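run.txt follows; it contains compact mmCIF, C-alpha atoms.
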# COMPACT_ATOMS: atom_id res chain seq x y z
CA MET A 1 -11.86 -29.20 -6.23
CA VAL A 2 -13.35 -26.27 -8.16
CA ASP A 3 -10.92 -23.55 -9.25
CA ASP A 4 -11.85 -20.21 -7.68
CA THR A 5 -9.73 -17.93 -9.90
CA LEU A 6 -12.69 -16.53 -11.84
CA PRO A 7 -14.88 -15.98 -8.72
CA LEU A 8 -11.92 -14.18 -7.11
CA LEU A 9 -11.55 -11.89 -10.13
CA LEU A 10 -15.29 -11.20 -10.17
CA ARG A 11 -15.89 -10.74 -6.43
CA GLY A 12 -12.62 -9.13 -5.37
CA TYR A 13 -12.48 -8.36 -1.66
CA GLY A 14 -15.75 -10.19 -1.08
CA TRP A 15 -14.49 -13.54 -2.38
CA LEU A 16 -12.59 -14.79 0.68
CA PRO A 17 -15.03 -13.52 3.36
CA ASP A 18 -17.84 -15.19 1.40
CA ARG A 19 -15.91 -18.46 1.20
CA ARG A 20 -15.15 -18.26 4.95
CA ARG A 21 -18.86 -17.83 5.73
CA ARG A 22 -19.69 -20.83 3.58
CA SER A 23 -17.02 -22.89 5.36
CA GLY A 24 -18.36 -21.94 8.80
CA GLY A 25 -15.12 -20.13 9.64
CA ALA A 26 -12.91 -23.13 8.89
CA PRO A 27 -9.82 -22.73 6.67
CA VAL A 28 -10.94 -22.33 3.06
CA GLU A 29 -9.59 -25.04 0.77
CA THR A 30 -9.78 -24.40 -2.96
CA ARG A 31 -7.73 -24.00 -6.13
CA LEU A 32 -6.35 -20.81 -7.65
CA LEU A 33 -4.70 -20.74 -11.08
CA GLY A 34 -4.98 -24.53 -11.02
CA LYS A 35 -2.92 -24.83 -7.82
CA ARG A 36 -4.24 -26.27 -4.55
CA ALA A 37 -4.72 -23.45 -2.02
CA ILE A 38 -5.79 -22.97 1.58
CA ALA A 39 -6.72 -19.65 3.22
CA LEU A 40 -5.99 -19.02 6.91
CA HIS A 41 -7.49 -16.43 9.26
CA GLY A 42 -6.67 -14.98 12.67
CA PRO A 43 -3.71 -13.62 14.68
CA ALA A 44 -2.30 -17.11 15.21
CA ALA A 45 -2.47 -17.62 11.44
CA VAL A 46 -0.41 -14.43 10.98
CA ARG A 47 2.39 -15.88 13.13
CA PHE A 48 2.11 -19.26 11.41
CA PHE A 49 2.18 -17.74 7.92
CA TYR A 50 5.22 -15.54 8.50
CA ASP A 51 7.34 -18.35 9.93
CA GLU A 52 9.86 -19.00 7.13
CA HIS A 53 10.04 -22.66 8.16
CA HIS A 54 6.38 -22.87 7.12
CA ILE A 55 6.00 -20.59 4.10
CA ARG A 56 8.39 -19.70 1.29
CA ARG A 57 8.10 -16.82 -1.16
CA THR A 58 10.47 -18.08 -3.87
CA ASP A 59 8.31 -19.10 -6.84
CA ALA A 60 5.16 -18.28 -4.83
CA LEU A 61 4.00 -15.13 -6.59
CA PRO A 62 2.29 -15.56 -9.97
CA GLN A 63 4.47 -14.19 -12.75
CA PRO A 64 1.85 -11.60 -13.80
CA VAL A 65 2.05 -10.10 -10.28
CA ILE A 66 5.85 -10.02 -10.38
CA ASP A 67 5.84 -8.45 -13.85
CA THR A 68 3.53 -5.63 -12.73
CA LEU A 69 3.64 -4.96 -8.98
CA PHE A 70 6.98 -6.10 -7.57
CA GLY A 71 9.43 -6.67 -10.43
CA ARG A 72 11.72 -9.61 -11.20
CA GLY A 73 14.32 -10.28 -8.51
CA ALA A 74 12.52 -8.08 -5.96
CA VAL A 75 12.93 -8.56 -2.22
CA HIS A 76 9.35 -9.89 -2.05
CA THR A 77 10.41 -13.00 -4.02
CA LEU A 78 13.36 -13.97 -1.79
CA ASP A 79 13.76 -16.22 1.25
CA GLY A 80 16.43 -17.01 3.84
CA GLU A 81 19.75 -15.16 3.87
CA ARG A 82 19.11 -13.51 0.51
CA HIS A 83 15.87 -12.06 1.85
CA GLY A 84 17.47 -11.03 5.15
CA VAL A 85 20.29 -9.08 3.49
CA ARG A 86 17.96 -7.33 1.03
CA LYS A 87 15.28 -6.66 3.66
CA ALA A 88 17.88 -5.04 5.95
CA LEU A 89 18.49 -2.52 3.16
CA PHE A 90 14.84 -1.45 3.16
CA THR A 91 14.46 -1.55 6.93
CA GLY A 92 17.45 0.76 7.32
CA LEU A 93 16.14 3.18 4.71
CA LEU A 94 12.44 3.26 5.49
CA LYS A 95 12.21 3.00 9.27
CA GLU A 96 14.77 5.59 10.33
CA PRO A 97 12.67 8.25 12.14
CA ALA A 98 14.58 11.18 10.60
CA ARG A 99 13.94 9.87 7.08
CA VAL A 100 10.27 9.21 7.82
CA ARG A 101 9.87 12.73 9.19
CA ASP A 102 11.73 14.22 6.22
CA LEU A 103 9.42 12.53 3.73
CA SER A 104 6.23 13.51 5.56
CA GLU A 105 7.43 17.14 5.72
CA ARG A 106 8.16 17.09 1.98
CA VAL A 107 4.65 15.79 1.34
CA ALA A 108 3.23 18.60 3.48
CA ARG A 109 5.14 21.21 1.46
CA GLU A 110 4.04 19.70 -1.85
CA LEU A 111 0.40 19.70 -0.69
CA GLU A 112 0.62 23.37 0.22
CA ARG A 113 2.20 24.09 -3.16
CA ALA A 114 -0.59 22.19 -4.91
CA ARG A 115 -3.41 23.90 -3.02
CA ALA A 116 -3.10 27.21 -4.89
CA GLY A 117 -3.20 25.42 -8.25
CA TRP A 118 -6.29 23.47 -7.22
CA ALA A 119 -7.98 26.70 -6.18
CA ALA A 120 -7.28 28.28 -9.57
CA ARG A 121 -8.59 25.29 -11.53
CA GLY A 122 -12.02 25.09 -9.96
CA ARG A 123 -12.46 21.31 -9.81
CA VAL A 124 -9.82 18.61 -9.46
CA VAL A 125 -9.79 14.83 -9.05
CA LEU A 126 -8.11 14.29 -5.70
CA PHE A 127 -6.82 10.82 -6.62
CA ASP A 128 -4.89 12.11 -9.64
CA GLU A 129 -3.60 15.21 -7.88
CA THR A 130 -2.43 13.30 -4.80
CA ALA A 131 -0.54 10.82 -6.98
CA GLU A 132 1.42 13.71 -8.50
CA VAL A 133 2.09 15.28 -5.09
CA LEU A 134 3.46 12.00 -3.76
CA THR A 135 5.48 11.37 -6.92
CA ARG A 136 7.25 14.73 -6.59
CA ALA A 137 7.84 14.30 -2.88
CA VAL A 138 9.22 10.76 -2.92
CA HIS A 139 11.53 11.38 -5.90
CA ALA A 140 13.04 14.43 -4.20
CA TRP A 141 13.29 12.58 -0.89
CA ALA A 142 14.91 9.50 -2.44
CA GLY A 143 17.32 11.56 -4.58
CA VAL A 144 15.94 10.22 -7.87
CA PRO A 145 16.10 12.79 -10.71
CA LEU A 146 12.69 13.72 -12.10
CA ALA A 147 11.99 16.61 -14.45
CA GLU A 148 8.82 18.59 -13.77
CA ASP A 149 7.43 17.78 -17.23
CA ALA A 150 7.76 14.06 -16.42
CA VAL A 151 5.85 14.15 -13.13
CA ALA A 152 2.38 13.43 -14.54
CA THR A 153 3.56 10.53 -16.71
CA THR A 154 5.61 9.04 -13.89
CA ALA A 155 2.70 9.34 -11.46
CA ARG A 156 0.42 7.56 -13.93
CA ASP A 157 2.98 4.75 -14.29
CA MET A 158 3.32 4.32 -10.52
CA ILE A 159 -0.45 4.13 -10.16
CA ALA A 160 -0.81 1.78 -13.15
CA MET A 161 1.61 -0.78 -11.67
CA VAL A 162 -0.58 -1.07 -8.59
CA ASP A 163 -3.92 -0.72 -10.34
CA GLY A 164 -3.32 -3.51 -12.83
CA PHE A 165 -1.54 -6.23 -10.89
CA ALA A 166 -4.71 -8.15 -9.93
CA SER A 167 -6.57 -7.69 -13.20
CA VAL A 168 -6.75 -8.99 -16.73
CA GLY A 169 -7.11 -7.06 -19.97
CA PRO A 170 -6.21 -3.38 -20.51
CA ARG A 171 -5.43 -2.57 -16.85
CA HIS A 172 -2.91 -5.39 -16.70
CA LEU A 173 -1.31 -4.42 -19.99
CA ARG A 174 -0.96 -0.82 -18.79
CA ALA A 175 0.72 -2.10 -15.62
CA ARG A 176 3.25 -4.12 -17.62
CA ARG A 177 4.04 -1.18 -19.88
CA ALA A 178 4.41 1.13 -16.90
CA ARG A 179 6.88 -1.19 -15.17
CA ARG A 180 8.93 -1.65 -18.32
CA HIS A 181 9.00 2.10 -18.87
CA GLN A 182 10.06 2.91 -15.32
CA GLU A 183 12.72 0.18 -15.11
CA GLU A 184 14.17 1.46 -18.39
CA ARG A 185 14.19 5.00 -16.96
CA LEU A 186 15.89 4.05 -13.69
CA ALA A 187 18.43 1.38 -14.71
CA PRO A 188 20.77 3.84 -16.51
CA LEU A 189 20.56 6.19 -13.53
CA VAL A 190 21.86 3.39 -11.32
CA GLY A 191 25.00 3.22 -13.44
CA THR A 192 25.38 6.97 -13.19
CA ALA A 193 25.00 6.83 -9.42
CA ARG A 194 27.74 4.21 -9.22
CA GLU A 195 30.04 6.60 -11.02
CA GLY A 196 29.49 9.04 -8.19
CA VAL A 197 27.77 11.79 -10.16
CA ALA A 198 24.10 11.25 -9.21
CA PRO A 199 22.60 14.26 -7.41
CA GLU A 200 22.48 14.08 -3.65
CA GLY A 201 19.23 14.79 -1.84
CA ASP A 202 19.12 17.34 0.93
CA GLY A 203 17.60 14.97 3.50
CA PRO A 204 19.42 13.28 6.37
CA GLY A 205 22.29 10.98 5.39
CA PRO A 206 23.01 9.39 1.96
CA THR A 207 20.09 9.35 -0.44
CA VAL A 208 17.85 6.31 -0.72
CA PHE A 209 18.71 6.06 -4.41
CA ARG A 210 22.47 6.03 -3.93
CA THR A 211 22.18 3.50 -1.08
CA ILE A 212 20.19 1.08 -3.22
CA ALA A 213 22.56 1.58 -6.16
CA ALA A 214 25.49 0.62 -3.92
CA HIS A 215 23.73 -2.38 -2.32
CA ARG A 216 25.24 -5.85 -2.68
CA HIS A 217 23.80 -9.36 -2.65
CA ALA A 218 24.57 -11.74 0.19
CA ASP A 219 27.55 -12.90 -1.93
CA ARG A 220 28.84 -9.27 -1.96
CA ALA A 221 28.17 -8.75 -5.69
CA LEU A 222 26.45 -5.54 -6.75
CA LEU A 223 22.86 -5.85 -7.88
CA ASP A 224 22.63 -5.72 -11.65
CA PRO A 225 21.27 -2.29 -12.74
CA ARG A 226 17.83 -3.66 -13.67
CA THR A 227 17.37 -5.33 -10.26
CA ALA A 228 18.57 -2.17 -8.53
CA ALA A 229 15.98 -0.25 -10.58
CA VAL A 230 13.35 -2.75 -9.43
CA GLU A 231 14.22 -2.07 -5.80
CA VAL A 232 14.23 1.70 -6.31
CA LEU A 233 10.72 1.29 -7.69
CA ASN A 234 9.86 -0.72 -4.59
CA VAL A 235 10.41 2.49 -2.65
CA LEU A 236 8.82 4.92 -5.13
CA ARG A 237 5.79 2.86 -6.16
CA PRO A 238 4.47 1.99 -2.65
CA THR A 239 4.86 5.60 -1.55
CA VAL A 240 2.77 6.81 -4.48
CA ALA A 241 0.31 4.00 -3.66
CA ILE A 242 -0.52 5.87 -0.45
CA THR A 243 -2.78 7.77 -2.88
CA TRP A 244 -5.42 5.08 -2.28
CA PHE A 245 -5.34 5.64 1.48
CA ALA A 246 -5.27 9.44 1.00
CA VAL A 247 -8.50 9.37 -1.00
CA PHE A 248 -10.02 7.02 1.56
CA ALA A 249 -9.11 9.63 4.20
CA ALA A 250 -11.01 12.25 2.19
CA HIS A 251 -13.92 9.84 1.89
CA ALA A 252 -13.90 9.28 5.67
CA LEU A 253 -13.89 13.03 6.36
CA HIS A 254 -16.80 13.47 3.95
CA ARG A 255 -18.82 10.72 5.63
CA HIS A 256 -17.75 11.69 9.16
CA PRO A 257 -17.08 15.44 9.21
CA GLU A 258 -17.01 15.49 13.01
CA HIS A 259 -13.36 14.42 12.82
CA ARG A 260 -12.25 17.52 10.93
CA GLU A 261 -12.11 19.90 13.88
CA VAL A 262 -10.01 17.55 16.03
CA LEU A 263 -7.63 16.84 13.16
CA ALA A 264 -7.17 20.51 12.39
CA GLY A 265 -6.78 21.57 16.03
CA GLY A 266 -4.08 21.40 18.67
CA ASP A 267 -4.50 17.67 19.26
CA GLY A 268 -4.15 17.10 15.53
CA PRO A 269 -0.85 15.18 15.38
CA GLU A 270 -1.85 12.48 17.87
CA TYR A 271 -5.36 12.23 16.46
CA ALA A 272 -4.04 12.21 12.89
CA TRP A 273 -1.94 9.14 13.72
CA ALA A 274 -5.01 7.36 15.11
CA PHE A 275 -7.11 8.55 12.15
CA ALA A 276 -4.52 7.18 9.72
CA GLN A 277 -4.51 3.79 11.45
CA GLU A 278 -8.31 3.61 11.32
CA VAL A 279 -8.31 4.48 7.60
CA ARG A 280 -5.87 1.62 7.04
CA ARG A 281 -8.04 -0.77 9.06
CA PHE A 282 -11.46 0.28 7.80
CA TYR A 283 -10.94 0.70 4.05
CA PRO A 284 -10.03 -2.12 1.62
CA PHE A 285 -6.41 -2.29 0.48
CA ALA A 286 -4.82 -5.76 0.14
CA PRO A 287 -7.35 -8.62 0.38
CA PHE A 288 -4.76 -11.26 1.28
CA VAL A 289 -1.15 -12.30 0.82
CA GLY A 290 0.19 -15.67 -0.28
CA GLY A 291 3.13 -18.06 -0.18
CA LEU A 292 3.90 -21.73 -0.71
CA ALA A 293 4.02 -24.39 2.01
CA ALA A 294 7.72 -25.14 2.51
CA GLU A 295 7.04 -28.59 4.01
CA ARG A 296 4.18 -30.79 5.17
CA LEU A 297 2.24 -28.66 7.67
CA GLU A 298 -0.67 -29.06 10.06
CA TRP A 299 -3.13 -26.25 10.69
CA ALA A 300 -6.51 -26.42 12.47
CA GLY A 301 -6.78 -30.13 11.83
CA ARG A 302 -5.87 -29.76 8.16
CA THR A 303 -2.80 -31.25 6.51
CA ILE A 304 -1.12 -28.84 4.12
CA GLU A 305 1.04 -30.57 1.55
CA PRO A 306 4.36 -29.05 0.42
CA GLY A 307 3.89 -26.60 -2.44
CA THR A 308 0.30 -25.76 -1.55
CA MET A 309 -0.57 -22.08 -1.98
CA VAL A 310 -1.22 -20.66 1.50
CA LEU A 311 -3.23 -17.44 1.72
CA LEU A 312 -3.43 -15.18 4.75
CA ASP A 313 -6.69 -13.26 5.05
CA LEU A 314 -5.93 -9.53 5.58
CA TYR A 315 -9.17 -7.71 4.80
CA GLY A 316 -11.18 -10.19 6.86
CA LEU A 317 -8.81 -9.93 9.82
CA ASP A 318 -9.03 -6.12 9.83
CA HIS A 319 -12.83 -6.47 10.07
CA ASP A 320 -13.04 -9.39 12.50
CA PRO A 321 -15.63 -8.56 15.21
CA ASP A 322 -13.70 -10.70 17.70
CA LEU A 323 -10.77 -8.28 17.35
CA TRP A 324 -12.50 -5.02 16.42
CA PRO A 325 -15.83 -4.25 18.13
CA GLU A 326 -18.29 -2.94 15.55
CA PRO A 327 -15.72 -3.44 12.79
CA TYR A 328 -17.75 -1.57 10.16
CA ARG A 329 -17.94 1.59 12.28
CA PHE A 330 -15.25 4.16 11.47
CA ASP A 331 -13.70 5.08 14.84
CA PRO A 332 -10.17 6.52 15.12
CA THR A 333 -10.38 6.46 18.94
CA ARG A 334 -9.63 2.73 18.75
CA PHE A 335 -6.01 3.73 18.35
CA LEU A 336 -5.69 6.65 20.75
CA GLY A 337 -3.13 5.99 23.46
CA SER A 338 -2.06 2.54 22.26
CA ALA A 339 -0.16 0.90 19.45
CA PRO A 340 -2.21 -1.38 17.19
CA PRO A 341 -1.84 -5.13 17.80
CA VAL A 342 0.93 -6.37 15.52
CA ASP A 343 -0.99 -9.49 14.48
CA ALA A 344 -4.44 -7.91 14.25
CA LEU A 345 -3.96 -4.74 12.17
CA VAL A 346 -2.56 -6.15 8.93
CA PRO A 347 -3.61 -4.01 5.93
CA GLN A 348 -0.06 -4.31 4.54
CA GLY A 349 0.72 -7.72 6.04
CA GLY A 350 1.80 -8.83 9.49
CA CYS A 351 4.66 -10.29 11.58
CA PRO A 352 7.67 -8.45 13.09
CA VAL A 353 9.34 -6.03 10.71
CA ASP A 354 12.52 -8.11 10.48
CA GLY A 355 10.47 -10.79 8.72
CA HIS A 356 8.31 -10.22 5.65
CA ARG A 357 6.27 -7.35 7.13
CA CYS A 358 6.20 -4.24 4.95
CA PRO A 359 9.00 -1.92 6.16
CA GLY A 360 7.15 1.07 4.74
CA GLU A 361 4.33 1.09 7.29
CA ASP A 362 5.86 3.94 9.31
CA ILE A 363 6.07 6.02 6.13
CA THR A 364 2.50 5.13 5.17
CA VAL A 365 1.10 6.19 8.53
CA ALA A 366 3.19 9.39 8.73
CA VAL A 367 2.32 10.51 5.19
CA LEU A 368 -1.34 9.57 5.57
CA ALA A 369 -1.56 11.50 8.84
CA GLU A 370 -0.07 14.53 7.08
CA VAL A 371 -2.60 14.27 4.25
CA ALA A 372 -5.48 13.91 6.72
CA ARG A 373 -4.48 17.08 8.60
CA PHE A 374 -4.09 18.95 5.30
CA LEU A 375 -7.57 17.91 4.19
CA ALA A 376 -9.08 18.87 7.55
CA ARG A 377 -7.52 22.34 7.31
CA THR A 378 -8.55 22.92 3.69
CA SER A 379 -11.90 24.35 2.67
CA TYR A 380 -13.40 22.66 -0.40
CA ASP A 381 -16.69 21.37 -1.76
CA VAL A 382 -17.34 17.72 -2.50
CA VAL A 383 -19.28 17.95 -5.74
CA GLU A 384 -22.05 15.58 -6.73
CA GLN A 385 -20.41 12.35 -7.92
CA ASP A 386 -20.32 8.56 -7.54
CA LEU A 387 -18.46 7.91 -4.28
CA ARG A 388 -19.28 4.22 -4.09
CA ILE A 389 -16.30 1.95 -3.41
CA PRO A 390 -16.74 -1.29 -5.39
CA LEU A 391 -15.42 -4.31 -3.50
CA SER A 392 -15.37 -6.30 -6.74
CA ARG A 393 -12.35 -4.27 -7.90
CA ILE A 394 -8.80 -4.84 -6.57
CA PRO A 395 -7.42 -2.35 -5.70
CA THR A 396 -10.51 -0.26 -5.18
CA ALA A 397 -11.23 3.42 -4.61
CA PRO A 398 -14.22 5.76 -4.91
CA ARG A 399 -15.42 5.41 -8.47
CA SER A 400 -15.13 9.13 -9.17
CA GLY A 401 -11.61 9.45 -7.81
CA PHE A 402 -13.08 11.98 -5.34
CA VAL A 403 -13.74 15.27 -7.13
CA ILE A 404 -13.43 18.47 -5.11
CA GLY A 405 -14.18 22.05 -6.09
CA ASN A 406 -13.98 25.60 -4.77
CA VAL A 407 -10.72 24.84 -3.01
CA ALA A 408 -9.64 27.73 -0.81
CA PRO A 409 -6.10 28.91 -1.63
CA ALA A 410 -5.17 29.19 2.06
CA PRO A 411 -5.83 27.01 5.13
CA ALA A 412 -9.40 27.28 6.36
CA GLY A 413 -10.51 28.08 9.87
CA VAL A 414 -11.53 25.24 12.14
CA GLY A 415 -15.22 24.43 12.29
CA ALA A 416 -18.12 24.89 9.92
CA GLU A 417 -16.15 26.62 7.15
CA ALA A 418 -13.62 23.77 7.06
CA ALA A 419 -16.45 21.29 6.75
CA ARG A 420 -18.19 23.16 3.92
CA ARG A 421 -19.94 20.78 1.56
CA GLY A 422 -21.67 21.01 -1.79
Here is a file; write its structure as structure tokens.
Amino acid sequence: MVDDTLPLLLRGYGWLPDRRRRSGGAPVETRLLGKRAIALHGPAAVRFFYDEHHIRRTDALPQPVIDTLFGRGAVHTLDGERHGVRKALFTGLLKEPARVRDLSERVARELERARAGWAARGRVVLFDETAEVLTRAVHAWAGVPLAEDAVATTARDMIAMVDGFASVGPRHLRARRARRHQEERLAPLVGTAREGVAPEGDGPGPTVFRTIAAHRHADRALLDPRTAAVEVLNVLRPTVAITWFAVFAAHALHRHPEHREVLAGGDGPEYAWAFAQEVRRFYPFAPFVGGLAAERLEWAGRTIEPGTMVLLDLYGLDHDPDLWPEPYRFDPTRFLGSAPPVDALVPQGGCPVDGHRCPGEDITVAVLAEVARFLARTSYDVVEQDLRIPLSRIPTAPRSGFVIGNVAPAPAGVGAEAARRG
């Protein structure tokens, strides 16, 4: 069986859809990194994949991914009781409505603060600026100390960890350095927090940082400071990673300016939620997720031997015409008045949240909706640039980072002025 690691690196998001077409829609059987692999597709595959009797995460992730994206000892690498205890920590912190609302409001304030600076500077790269906005907001929200002169460096590190996890060469090396730097920054702060002198945030309840610092393993032992730092980063880093979705939201508004007036108007909050969901569905984020077969399995007439790498197609599922009519048409109204199907909309993975589903989805949608409304209410020009989104790159974004100019220092009126374009 031919190893598909190089074609995956070269084709990115297009690799698995292309292999599925060549297989006639049947499960794709191949090798990745020398290991036998099979890729599954469809809502039933989501339920199959997230059954812990079928798939295990321990030892499933390649070490380069752990050493860049998630960190050693992270919740993503655990199974069973150890995973359940650690996951409950994140579920409690990230899905509480008051905390979600507090973070989205902080993001809104930081965006307003940033707007005046953007106006004074003429042109800015929205990707870079949004990363700094989210870095400030999530550190303040989580109660993690961050000096203003460290914001830009910290934002670059958070972005680098995500940008380099699925690459080789300089991007990957930057991701490793960024993780090492941030773990070394946060681990001593964990010790300080355990001494009871870490600053409290002004949000609802104990800070995220102090809660993680005080968390214990299933055996009731405290996490070692480095592992606690890893899990703090697993709150900070994914929040800053919303930068990718934020720039996709700007891209969508540029391509489809008819959505601006609704977003900026009285129906904005409900429409912004639907708009955020459609951005998550339409634009490329995670191509797939993977785990190891825990035992001998049967799927669609295929026998899956224990230890086989099992991939779940995410990008393909979010663009499946059997689930999403006209899947390559951007249409937020798909989500008006109804919650998205739990096993069909899977940009950050699937299954119920008490399993391995990302507990940060509520935060992602709330923050993204806030960004979308801000962009719709802000007057700016989209300057001439390369806005192509290369599917060969994981993760991808508009090549230019989305450059805007002539930003108005105050919210624009609804209508033609808000949709002003260069």
Given all atoms listed in the file as the basis, pick out the residue of A:Leu368, A:Ala131, A:Leu16, A:Leu263 nearest to Thr154 of chain A.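 For Thr154 of chain A, the nearest of the given residues is A:Ala131.
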Surrounding residues of Asp128 of chain A excluding itself and chain neighbours under 4 positions, 10 Å, all atoms listed in the file, as a PDB file with C-alpha atoms, keeping the file's coordinate frame:
ATOM      1  CA  VAL A 124      -9.820  18.610  -9.460  1.00  0.00           C
ATOM      2  CA  GLU A 132       1.420  13.710  -8.500  1.00  0.00           C
ATOM      3  CA  VAL A 133       2.090  15.280  -5.090  1.00  0.00           C
ATOM      4  CA  ALA A 152       2.380  13.430 -14.540  1.00  0.00           C
ATOM      5  CA  ALA A 155       2.700   9.340 -11.460  1.00  0.00           C
ATOM      6  CA  ARG A 156       0.420   7.560 -13.930  1.00  0.00           C
ATOM      7  CA  ILE A 159      -0.450   4.130 -10.160  1.00  0.00           C
ATOM      8  CA  THR A 243      -2.780   7.770  -2.880  1.00  0.00           C
ATOM      9  CA  VAL A 247      -8.500   9.370  -1.000  1.00  0.00           C
ATOM     10  CA  GLY A 401     -11.610   9.450  -7.810  1.00  0.00           C
ATOM     11  CA  PHE A 402     -13.080  11.980  -5.340  1.00  0.00           C
ATOM     12  CA  VAL A 403     -13.740  15.270  -7.130  1.00  0.00           C
TER      13      VAL A 403
END
Spatial neighbours of segment 222-232 of chain A, 8 Å, all atoms listed in the file, chain gap at least 2 places, as a list in words: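 Returned residues: Phe70, Gly71, Arg72, Gly73, Ala74, Val75, Glu183, Glu184, Leu186, Ala187, Pro188, Val190, Gly191, Phe209, Ile212, Ala213, Ala214, His215, Arg216, His217, Arg220, Asn234, Val235 and Leu236 of chain A.
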Find, counting all atoms listed in the file, the residue in A:Arg123, A:Leu312, A:Ala252, A:Gly143 that gets nearest to Ala45 of chain A.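 Of A:Arg123, A:Leu312, A:Ala252, A:Gly143, the one nearest Ala45 of chain A is A:Leu312, counting all atoms listed in the file.
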What separation in Å, quoted to one decimal, exists between atom CA of Gln277 of chain A and atom CA of Val289 of chain A?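 Straight-line distance from atom CA of Gln277 of chain A to atom CA of Val289 of chain A works out to 19.6 Å.
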